[in-house]
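What follows is the content of final-v3.pdb, which has PDB, C-alpha atoms:
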```pdb
ATOM      1  CA  MET N   1     170.431 143.028 -81.355
ATOM      2  CA  ASN N   2     168.713 146.300 -82.229
ATOM      3  CA  ARG N   3     165.136 145.511 -83.316
ATOM      4  CA  LYS N   4     165.709 147.591 -86.430
ATOM      5  CA  ASN N   5     168.532 145.307 -87.532
ATOM      6  CA  THR N   6     167.065 141.819 -87.845
ATOM      7  CA  PRO N   7     168.912 139.325 -90.061
ATOM      8  CA  ALA N   8     166.227 139.710 -92.731
ATOM      9  CA  GLN N   9     166.587 143.480 -92.730
ATOM     10  CA  LEU N  10     170.374 143.264 -92.879
ATOM     11  CA  GLN N  11     170.022 140.874 -95.805
ATOM     12  CA  GLY N  12     167.751 143.380 -97.504
ATOM     13  CA  THR N  13     170.383 146.076 -97.103
ATOM     14  CA  ALA N  14     173.026 143.846 -98.674
ATOM     15  CA  SER N  15     170.851 142.498-101.478
ATOM     16  CA  GLY N  16     171.535 145.429-103.769
ATOM     17  CA  SER N  17     175.292 145.000-103.541
ATOM     18  CA  SER N  18     177.390 143.335-106.226
ATOM     19  CA  PHE N  19     179.003 141.459-103.320
ATOM     20  CA  TYR N  20     175.655 139.904-102.381
ATOM     21  CA  ALA N  21     176.228 136.717-104.382
ATOM     22  CA  GLY N  22     179.493 136.193-102.529
ATOM     23  CA  MET N  23     177.770 136.583 -99.175
ATOM     24  CA  ARG N  24     174.918 134.253-100.092
ATOM     25  CA  VAL N  25     177.243 131.263-100.582
ATOM     26  CA  LEU N  26     178.331 131.330 -96.924
ATOM     27  CA  PRO N  27     176.819 129.244 -94.090
ATOM     28  CA  LYS N  28     174.049 130.974 -92.114
ATOM     29  CA  ALA N  29     176.089 132.425 -89.234
ATOM     30  CA  GLU N  30     178.854 133.633 -91.520
ATOM     31  CA  ARG N  31     176.337 134.965 -94.022
ATOM     32  CA  GLU N  32     174.522 137.012 -91.392
ATOM     33  CA  ALA N  33     177.826 138.358 -90.064
ATOM     34  CA  MET N  34     178.765 139.528 -93.561
ATOM     35  CA  TYR N  35     175.377 141.179 -93.982
ATOM     36  CA  ALA N  36     176.041 143.079 -90.731
ATOM     37  CA  ILE N  37     179.531 144.136 -91.830
ATOM     38  CA  TYR N  38     178.123 145.303 -95.147
ATOM     39  CA  ALA N  39     175.373 147.276 -93.376
ATOM     40  CA  PHE N  40     178.007 149.010 -91.242
ATOM     41  CA  CYS N  41     180.089 149.835 -94.316
ATOM     42  CA  ARG N  42     177.046 151.082 -96.169
ATOM     43  CA  ALA N  43     176.035 153.323 -93.261
ATOM     44  CA  VAL N  44     179.394 155.060 -92.939
ATOM     45  CA  ASP N  45     179.830 155.222 -96.725
ATOM     46  CA  ASP N  46     176.481 156.982 -97.043
ATOM     47  CA  ILE N  47     177.750 159.585 -94.580
ATOM     48  CA  ALA N  48     180.945 160.060 -96.600
ATOM     49  CA  ASP N  49     179.024 160.410 -99.879
ATOM     50  CA  ASP N  50     176.261 162.700 -98.601
ATOM     51  CA  GLN N  51     176.682 165.670-100.934
ATOM     52  CA  HIS N  52     174.027 167.708 -99.160
ATOM     53  CA  GLY N  53     175.308 167.446 -95.602
ATOM     54  CA  ASP N  54     177.701 169.894 -93.990
ATOM     55  CA  ARG N  55     181.229 168.481 -93.668
ATOM     56  CA  SER N  56     181.395 169.172 -89.946
ATOM     57  CA  ASP N  57     178.044 167.459 -89.421
ATOM     58  CA  ARG N  58     179.175 164.435 -91.439
ATOM     59  CA  ALA N  59     182.424 164.293 -89.475
ATOM     60  CA  GLY N  60     180.345 164.356 -86.298
ATOM     61  CA  GLN N  61     178.258 161.442 -87.540
ATOM     62  CA  LEU N  62     181.410 159.414 -88.188
ATOM     63  CA  ASP N  63     182.687 160.323 -84.718
ATOM     64  CA  ALA N  64     179.393 159.055 -83.290
ATOM     65  CA  TRP N  65     179.934 155.754 -85.064
ATOM     66  CA  ARG N  66     183.474 155.628 -83.720
ATOM     67  CA  ALA N  67     182.170 156.215 -80.183
ATOM     68  CA  ASP N  68     179.544 153.483 -80.537
ATOM     69  CA  ILE N  69     182.157 151.002 -81.785
ATOM     70  CA  ALA N  70     184.385 151.922 -78.831
ATOM     71  CA  SER N  71     181.479 151.448 -76.414
ATOM     72  CA  LEU N  72     180.667 148.048 -77.934
ATOM     73  CA  TYR N  73     184.220 146.834 -77.373
ATOM     74  CA  ALA N  74     184.317 148.314 -73.872
ATOM     75  CA  GLY N  75     181.169 146.423 -72.911
ATOM     76  CA  GLY N  76     178.935 149.486 -72.822
ATOM     77  CA  PRO N  77     175.783 150.370 -74.743
ATOM     78  CA  PRO N  78     176.644 149.780 -78.415
ATOM     79  CA  GLY N  79     174.176 152.260 -79.877
ATOM     80  CA  ARG N  80     174.050 151.894 -83.655
ATOM     81  CA  ALA N  81     177.022 149.468 -83.483
ATOM     82  CA  ALA N  82     174.547 146.897 -82.157
ATOM     83  CA  LEU N  83     174.141 145.743 -85.751
ATOM     84  CA  VAL N  84     177.676 144.238 -85.703
ATOM     85  CA  ALA N  85     177.698 143.135 -82.042
ATOM     86  CA  GLU N  86     176.856 139.492 -82.695
ATOM     87  CA  ALA N  87     179.425 139.242 -85.497
ATOM     88  CA  VAL N  88     182.089 140.830 -83.279
ATOM     89  CA  HIS N  89     181.513 138.345 -80.477
ATOM     90  CA  ARG N  90     181.096 135.265 -82.663
ATOM     91  CA  PHE N  91     184.050 135.829 -84.981
ATOM     92  CA  GLY N  92     186.452 137.914 -82.916
ATOM     93  CA  LEU N  93     186.360 140.913 -85.236
ATOM     94  CA  LEU N  94     188.924 143.572 -84.320
ATOM     95  CA  LYS N  95     188.048 147.117 -83.315
ATOM     96  CA  VAL N  96     191.051 148.482 -85.223
ATOM     97  CA  ASP N  97     189.535 147.329 -88.503
ATOM     98  CA  PHE N  98     186.181 149.028 -87.874
ATOM     99  CA  ASP N  99     188.100 152.181 -86.905
ATOM    100  CA  ALA N 100     190.130 151.952 -90.096
ATOM    101  CA  VAL N 101     186.983 151.853 -92.226
ATOM    102  CA  ILE N 102     185.663 154.950 -90.454
ATOM    103  CA  ASP N 103     189.065 156.635 -90.935
ATOM    104  CA  GLY N 104     188.830 155.950 -94.653
ATOM    105  CA  MET N 105     185.391 157.530 -94.860
ATOM    106  CA  ALA N 106     186.713 160.482 -92.868
ATOM    107  CA  MET N 107     189.280 161.078 -95.612
ATOM    108  CA  ASP N 108     186.408 161.680 -98.046
ATOM    109  CA  VAL N 109     184.563 163.889 -95.564
ATOM    110  CA  ALA N 110     187.600 166.063 -94.758
ATOM    111  CA  GLY N 111     187.833 167.154 -98.392
ATOM    112  CA  ASP N 112     187.087 165.796-101.835
ATOM    113  CA  ILE N 113     190.001 163.528-102.696
ATOM    114  CA  ARG N 114     191.623 164.681-105.917
ATOM    115  CA  TRP N 115     194.726 163.145-107.477
ATOM    116  CA  PRO N 116     196.174 161.871-104.181
ATOM    117  CA  PRO N 117     199.856 160.897-104.006
ATOM    118  CA  ALA N 118     200.288 157.154-104.458
ATOM    119  CA  ALA N 119     201.042 156.595-100.772
ATOM    120  CA  GLU N 120     197.842 158.403 -99.743
ATOM    121  CA  LEU N 121     195.822 156.453-102.280
ATOM    122  CA  ASP N 122     197.223 153.193-100.932
ATOM    123  CA  LEU N 123     196.327 154.219 -97.378
ATOM    124  CA  TYR N 124     192.804 155.040 -98.559
ATOM    125  CA  CYS N 125     192.493 151.637-100.243
ATOM    126  CA  ASP N 126     193.722 149.922 -97.092
ATOM    127  CA  ARG N 127     191.144 151.677 -94.964
ATOM    128  CA  VAL N 128     188.048 151.440 -97.145
ATOM    129  CA  ALA N 129     188.729 148.032 -98.705
ATOM    130  CA  SER N 130     191.484 145.940 -97.140
ATOM    131  CA  ALA N 131     190.199 146.708 -93.626
ATOM    132  CA  VAL N 132     186.828 145.327 -94.726
ATOM    133  CA  GLY N 133     188.749 142.338 -96.017
ATOM    134  CA  ARG N 134     190.401 141.854 -92.631
ATOM    135  CA  LEU N 135     186.966 141.763 -91.017
ATOM    136  CA  SER N 136     185.713 139.387 -93.696
ATOM    137  CA  VAL N 137     188.512 136.816 -93.539
ATOM    138  CA  ARG N 138     187.812 136.343 -89.833
ATOM    139  CA  VAL N 139     184.224 135.527 -90.736
ATOM    140  CA  PHE N 140     185.524 133.178 -93.444
ATOM    141  CA  GLY N 141     187.495 131.343 -90.726
ATOM    142  CA  MET N 142     190.885 131.853 -92.347
ATOM    143  CA  ASP N 143     194.126 131.578 -90.409
ATOM    144  CA  GLU N 144     195.810 134.881 -89.561
ATOM    145  CA  ALA N 145     198.706 135.007 -92.055
ATOM    146  CA  PRO N 146     196.934 133.925 -95.262
ATOM    147  CA  GLY N 147     193.819 135.831 -94.212
ATOM    148  CA  ARG N 148     195.633 139.128 -93.775
ATOM    149  CA  ALA N 149     197.557 138.601 -97.016
ATOM    150  CA  LEU N 150     194.334 137.914 -98.910
ATOM    151  CA  ALA N 151     192.670 140.977 -97.389
ATOM    152  CA  TYR N 152     195.655 143.111 -98.400
ATOM    153  CA  HIS N 153     195.744 142.031-102.033
ATOM    154  CA  LEU N 154     192.087 141.343-102.807
ATOM    155  CA  GLY N 155     190.942 144.491-101.016
ATOM    156  CA  ARG N 156     193.279 146.656-103.069
ATOM    157  CA  ALA N 157     192.441 144.827-106.298
ATOM    158  CA  LEU N 158     188.699 145.372-105.794
ATOM    159  CA  GLN N 159     189.078 149.017-104.754
ATOM    160  CA  LEU N 160     191.325 149.893-107.689
ATOM    161  CA  THR N 161     188.825 148.193-109.999
ATOM    162  CA  ASN N 162     186.011 150.260-108.490
ATOM    163  CA  ILE N 163     188.013 153.464-108.914
ATOM    164  CA  LEU N 164     188.636 152.692-112.584
ATOM    165  CA  ARG N 165     184.970 151.815-113.106
ATOM    166  CA  ASP N 166     183.660 154.968-111.372
ATOM    167  CA  ILE N 167     185.911 157.671-112.875
ATOM    168  CA  ASP N 168     183.028 159.741-114.254
ATOM    169  CA  GLU N 169     180.712 159.174-111.294
ATOM    170  CA  ASP N 170     183.442 160.303-108.896
ATOM    171  CA  ALA N 171     184.368 163.310-111.046
ATOM    172  CA  GLY N 172     180.708 164.332-110.953
ATOM    173  CA  ILE N 173     180.979 164.830-107.194
ATOM    174  CA  GLY N 174     184.386 166.498-107.352
ATOM    175  CA  ARG N 175     186.646 163.517-106.731
ATOM    176  CA  VAL N 176     189.486 162.010-108.752
ATOM    177  CA  TYR N 177     191.164 159.000-107.163
ATOM    178  CA  LEU N 178     193.778 158.561-109.911
ATOM    179  CA  PRO N 179     197.283 159.059-108.474
ATOM    180  CA  LEU N 180     199.114 162.359-108.651
ATOM    181  CA  GLU N 181     202.274 160.765-110.016
ATOM    182  CA  GLY N 182     200.444 159.122-112.890
ATOM    183  CA  LEU N 183     198.561 162.245-113.935
ATOM    184  CA  THR N 184     201.546 164.584-113.798
ATOM    185  CA  GLY N 185     203.740 161.981-115.463
ATOM    186  CA  ALA N 186     201.278 161.885-118.356
ATOM    187  CA  GLY N 187     201.443 165.673-118.639
ATOM    188  CA  ILE N 188     197.850 166.230-117.512
ATOM    189  CA  ALA N 189     197.269 169.623-115.902
ATOM    190  CA  LEU N 190     195.559 169.364-112.534
ATOM    191  CA  THR N 191     192.719 171.799-113.161
ATOM    192  CA  THR N 192     189.208 170.477-112.486
ATOM    193  CA  PRO N 193     187.905 166.915-112.138
ATOM    194  CA  ALA N 194     185.885 167.310-115.342
ATOM    195  CA  GLU N 195     188.848 168.545-117.374
ATOM    196  CA  VAL N 196     191.281 166.007-115.946
ATOM    197  CA  THR N 197     188.999 163.046-116.610
ATOM    198  CA  ALA N 198     188.202 164.285-120.143
ATOM    199  CA  ASP N 199     191.893 164.396-121.114
ATOM    200  CA  PRO N 200     192.633 161.554-123.586
ATOM    201  CA  ARG N 201     195.945 160.892-121.854
ATOM    202  CA  ILE N 202     194.008 159.558-118.876
ATOM    203  CA  ASP N 203     193.862 156.190-120.639
ATOM    204  CA  ALA N 204     197.567 155.600-119.965
ATOM    205  CA  VAL N 205     197.138 156.569-116.309
ATOM    206  CA  ALA N 206     194.204 154.207-115.935
ATOM    207  CA  ARG N 207     196.062 151.371-117.624
ATOM    208  CA  ALA N 208     198.944 151.748-115.179
ATOM    209  CA  MET N 209     196.463 151.520-112.298
ATOM    210  CA  ALA N 210     194.862 148.497-113.969
ATOM    211  CA  ALA N 211     198.252 146.800-114.123
ATOM    212  CA  GLU N 212     198.651 147.438-110.390
ATOM    213  CA  ALA N 213     195.216 145.928-109.765
ATOM    214  CA  ASP N 214     196.112 142.927-111.936
ATOM    215  CA  GLY N 215     199.173 142.337-109.780
ATOM    216  CA  HIS N 216     197.014 142.240-106.664
ATOM    217  CA  TYR N 217     194.561 139.836-108.332
ATOM    218  CA  VAL N 218     197.474 137.530-109.187
ATOM    219  CA  GLN N 219     198.633 137.551-105.567
ATOM    220  CA  ALA N 220     195.094 136.999-104.251
ATOM    221  CA  ARG N 221     194.494 134.080-106.609
ATOM    222  CA  ALA N 222     197.814 132.535-105.619
ATOM    223  CA  ILE N 223     196.793 132.630-101.943
ATOM    224  CA  LEU N 224     193.427 131.068-102.759
ATOM    225  CA  ALA N 225     195.053 128.416-104.980
ATOM    226  CA  ARG N 226     197.006 127.148-101.973
ATOM    227  CA  ARG N 227     193.623 126.320-100.405
ATOM    228  CA  PRO N 228     194.142 127.784 -96.935
ATOM    229  CA  HIS N 229     191.625 126.890 -94.243
ATOM    230  CA  GLY N 230     188.309 128.708 -94.414
ATOM    231  CA  HIS N 231     185.238 129.441 -96.512
ATOM    232  CA  LEU N 232     186.974 130.448 -99.733
ATOM    233  CA  LEU N 233     184.146 130.423-102.264
ATOM    234  CA  ALA N 234     183.119 134.003-101.476
ATOM    235  CA  PRO N 235     186.554 135.589-102.055
ATOM    236  CA  ARG N 236     187.136 133.365-105.089
ATOM    237  CA  LEU N 237     183.865 134.606-106.540
ATOM    238  CA  MET N 238     184.766 138.241-105.975
ATOM    239  CA  ALA N 239     188.251 137.820-107.446
ATOM    240  CA  THR N 240     186.823 136.108-110.525
ATOM    241  CA  ALA N 241     183.906 138.477-111.097
ATOM    242  CA  TYR N 242     185.797 141.719-110.574
ATOM    243  CA  GLY N 243     188.788 140.433-112.490
ATOM    244  CA  LYS N 244     186.423 140.052-115.456
ATOM    245  CA  VAL N 245     185.152 143.605-114.971
ATOM    246  CA  LEU N 246     188.721 144.891-115.058
ATOM    247  CA  ALA N 247     189.465 142.850-118.189
ATOM    248  CA  ARG N 248     186.402 144.307-119.941
ATOM    249  CA  MET N 249     187.479 147.840-119.043
ATOM    250  CA  LYS N 250     190.986 147.194-120.354
ATOM    251  CA  ALA N 251     189.506 145.950-123.626
ATOM    252  CA  VAL N 252     187.557 149.166-124.259
ATOM    253  CA  GLY N 253     189.954 151.603-122.596
ATOM    254  CA  TRP N 254     189.349 154.744-120.564
ATOM    255  CA  GLN N 255     189.193 157.527-123.096
ATOM    256  CA  ALA N 256     186.059 159.659-122.911
ATOM    257  CA  PRO N 257     183.223 159.084-123.471
ATOM    258  CA  ARG N 258     183.286 156.119-121.109
ATOM    259  CA  HIS N 259     180.505 153.652-120.447
ATOM    260  CA  ARG N 260     180.379 152.241-116.935
ATOM    261  CA  VAL N 261     181.041 148.494-116.858
ATOM    262  CA  ARG N 262     178.679 146.733-114.490
ATOM    263  CA  VAL N 263     178.843 143.458-112.619
ATOM    264  CA  SER N 264     176.277 141.047-114.038
ATOM    265  CA  LYS N 265     174.241 139.559-111.198
ATOM    266  CA  LEU N 266     173.268 136.611-113.383
ATOM    267  CA  GLY N 267     176.926 136.187-114.266
ATOM    268  CA  LEU N 268     177.774 136.161-110.570
ATOM    269  CA  VAL N 269     175.279 133.349-109.991
ATOM    270  CA  TRP N 270     176.759 131.265-112.794
ATOM    271  CA  THR N 271     180.293 131.973-111.591
ATOM    272  CA  ALA N 272     179.333 130.918-108.065
ATOM    273  CA  LEU N 273     177.843 127.686-109.408
ATOM    274  CA  ARG N 274     180.925 126.949-111.513
ATOM    275  CA  LEU N 275     183.314 127.626-108.650
ATOM    276  CA  SER N 276     181.283 125.508-106.227
ATOM    277  CA  LEU N 277     181.373 122.568-108.638
ATOM    278  CA  ALA N 278     185.129 122.990-109.129
ATOM    279  CA  ARG N 279     185.993 122.794-105.440
TER
END
```

Output the structure of this file as structure tokens.
Amino acid sequence: MNRKNTPAQLQGTASGSSFYAGMRVLPKAEREAMYAIYAFCRAVDDIADDQHGDRSDRAGQLDAWRADIASLYAGGPPGRAALVAEAVHRFGLLKVDFDAVIDGMAMDVAGDIRWPPAAELDLYCDRVASAVGRLSVRVFGMDEAPGRALAYHLGRALQLTNILRDIDEDAGIGRVYLPLEGLTGAGIALTTPAEVTADPRIDAVARAMAAEADGHYVQARAILARRPHGHLLAPRLMATAYGKVLARMKAVGWQAPRHRVRVSKLGLVWTALRLSLAR
């Protein structure tokens, strides 16, 4: 492993994430693998969100990551991908899922995503969230079919929740991830991110997206309720915690001015304790 990426340092990278509580409940090997996956995701996400870097330079940085991942799987020098090498070998993580995450970040680098068609938005969610889920469920030790189904639904549920939570933050950097069909159907003119997100009719668009997210949470919880093989406390925690965030947003609505709903770290600890006792 790269000397710069010790388990303690990877843990430090992950510790600021709202997903940290979910990672902490895993056994040591699985926990360290999730820290490594998170560090990879954080690294490529930072490239995608770098508002000061030239787009071509950022695209080149993502291509460098793609090359290092390819070299790792080909048995060559892994470069910066060394941080996930142990997790790849121990848990059989698939190259296609790492590539998908990079592809998702490349969508943000190619141009600021604004009111994408629903199919494009779903592809984006698959790449930046469900692909991470597909990596994660292998670490959790889940069987293929329920694992992929959980990654599909929980990944989309979490990403849609994040989009609804970050409307103003995203608009501030020129992005609007709300779907084209919803915005035009509500009669909102597609002018600028600031004007679109200030339109009071955005509440109806957001509520439709929230209903879609709710549907994915229902499917994810149903998979988890069947108690498939694997370490399920982490995904149960994320489904519960983010489901509560979505419920709080629905209660207050999405009309401007909005106040960003945050995940309570103390609440995550209590939720983890409650779920562990209920197993």

> For N:Arg260, which residue among N:Asp45, N:Glu144, N:Glu169, N:Glu86 is the nearest when counting all atoms listed in the file?
Replying inline: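 Closest to N:Arg260 of all the choices is N:Glu169.
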
> Applied to the shown file, which residues does the PyMOL selection byres ((chain N and resi 40) around 10) return, written as a ChimeraX atom specification?
Replying inline: /N:10,34-39,41-46,65,80-84,98,101-102

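What the PyMOL selection byres ((chain N and resi 48) around 6) grabs from this file is Asp45, Asp46, Ile47, Asp49, Asp50, Met105, Asp108 and Val109 of chain N.
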
> By how many Å are atom CA of N:His229 and atom CA of N:Met142 apart?
Replying inline: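 Going from atom CA of N:His229 over to atom CA of N:Met142, I get 5.4 Å.
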
> What is the atom CA of N:Ala151 to atom CA of N:Leu246 distance in Å?
Replying inline: 18.5 Å

> Of the candidates N:Ala241, N:Ile202, N:Leu232, N:Ala131, which one gets nearest to N:Leu164 if we count all atoms listed in the file?
Replying inline: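 Under the stated criterion, the closest residue is N:Ile202.
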
> Applied to the shown file, which residues does the PyMOL selection byres ((chain N and resi 145-149) around 8) return, written as a PyMOL selection string?
Replying inline: chain N and resi 133-134+137-138+142-144+150-153+220+223+228

Could you write out the selected residues, including C-alpha atoms, as a PDB file, in the frame of the given file?
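What landed in selection.pdb:
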```
ATOM      1  CA  GLY N 133     188.749 142.338 -96.017  1.00  0.00           C
ATOM      2  CA  ARG N 134     190.401 141.854 -92.631  1.00  0.00           C
ATOM      3  CA  VAL N 137     188.512 136.816 -93.539  1.00  0.00           C
ATOM      4  CA  ARG N 138     187.812 136.343 -89.833  1.00  0.00           C
ATOM      5  CA  MET N 142     190.885 131.853 -92.347  1.00  0.00           C
ATOM      6  CA  ASP N 143     194.126 131.578 -90.409  1.00  0.00           C
ATOM      7  CA  GLU N 144     195.810 134.881 -89.561  1.00  0.00           C
ATOM      8  CA  LEU N 150     194.334 137.914 -98.910  1.00  0.00           C
ATOM      9  CA  ALA N 151     192.670 140.977 -97.389  1.00  0.00           C
ATOM     10  CA  TYR N 152     195.655 143.111 -98.400  1.00  0.00           C
ATOM     11  CA  HIS N 153     195.744 142.031-102.033  1.00  0.00           C
ATOM     12  CA  ALA N 220     195.094 136.999-104.251  1.00  0.00           C
ATOM     13  CA  ILE N 223     196.793 132.630-101.943  1.00  0.00           C
ATOM     14  CA  PRO N 228     194.142 127.784 -96.935  1.00  0.00           C
TER      15      PRO N 228
END
```

Once you count only C-alpha atoms, what closest atom pair and distance in Å to one decimal does each residue of stretch 203-248 of chain N within 12 Å of stretch 112-125 of chain N have, with rows by chain and rising residue number, as a tab-separated table?
```
residue	atom	partner	partner_atom	distance
N:Val205	CA	N:Trp115	CA	11.3
N:Met209	CA	N:Ala118	CA	10.4
N:Glu212	CA	N:Asp122	CA	11.2
N:Ala213	CA	N:Cys125	CA	11.4
```

> So how many Å separate atom CA of N:Arg156 and atom CA of N:Trp254, to one decimal?
Replying inline: 19.7 Å

> Pick from N:Gly79, N:Gly243, N:Gly141, N:Gly174: nearest to N:Gly215, with all atoms listed in the file counted?
Replying inline: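 For N:Gly215, the nearest of the given residues is N:Gly243.
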
>> Need the shell around N:Pro200: protein/DNA/RNA residues with any atom at most 7 Å away, counting all atoms listed in the file. Skip same-chain ones fewer than 3 positions apart. Format as a ChimeraX atom specification?
In response: /N:203,255-256

> Of the candidates N:Arg207, N:Arg236, N:Arg175, N:His259, which shows the shortest atom-to-atom distance to N:Gln51, using all atoms listed in the file?
Replying inline: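 Answer, going by the shortest atom-to-atom distance: N:Arg175.
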
> Restricting the calculation to only C-alpha atoms, which member of N:Asp103, N:Asp199, N:Asp54, N:Glu30 is positioned closest to N:Ala87?
Replying inline: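 Answer, going by the shortest atom-to-atom distance: N:Glu30.
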
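Taking all atoms listed in the file into account, N:Leu158 lies nearest to N:Val132 out of the set N:Ala222, N:Ala186, N:Val132, N:Leu178.
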
> If we count only C-alpha atoms, what is near N:Tyr73 at a cut-off of 12 Å, once residues fewer than 3 positions away on the same chain are taken out, given as a ChimeraX atom specification?
Replying inline: /N:66-70,76-79,81-82,84-86,88-89,92-96,98-99

>> Env of N:Val139: 7 Å cut, atoms = all atoms listed in the file, seq-sep filter 3 positions within chain, self excluded. Answer as a ChimeraX atom specification.
In response: /N:30,91,135-136
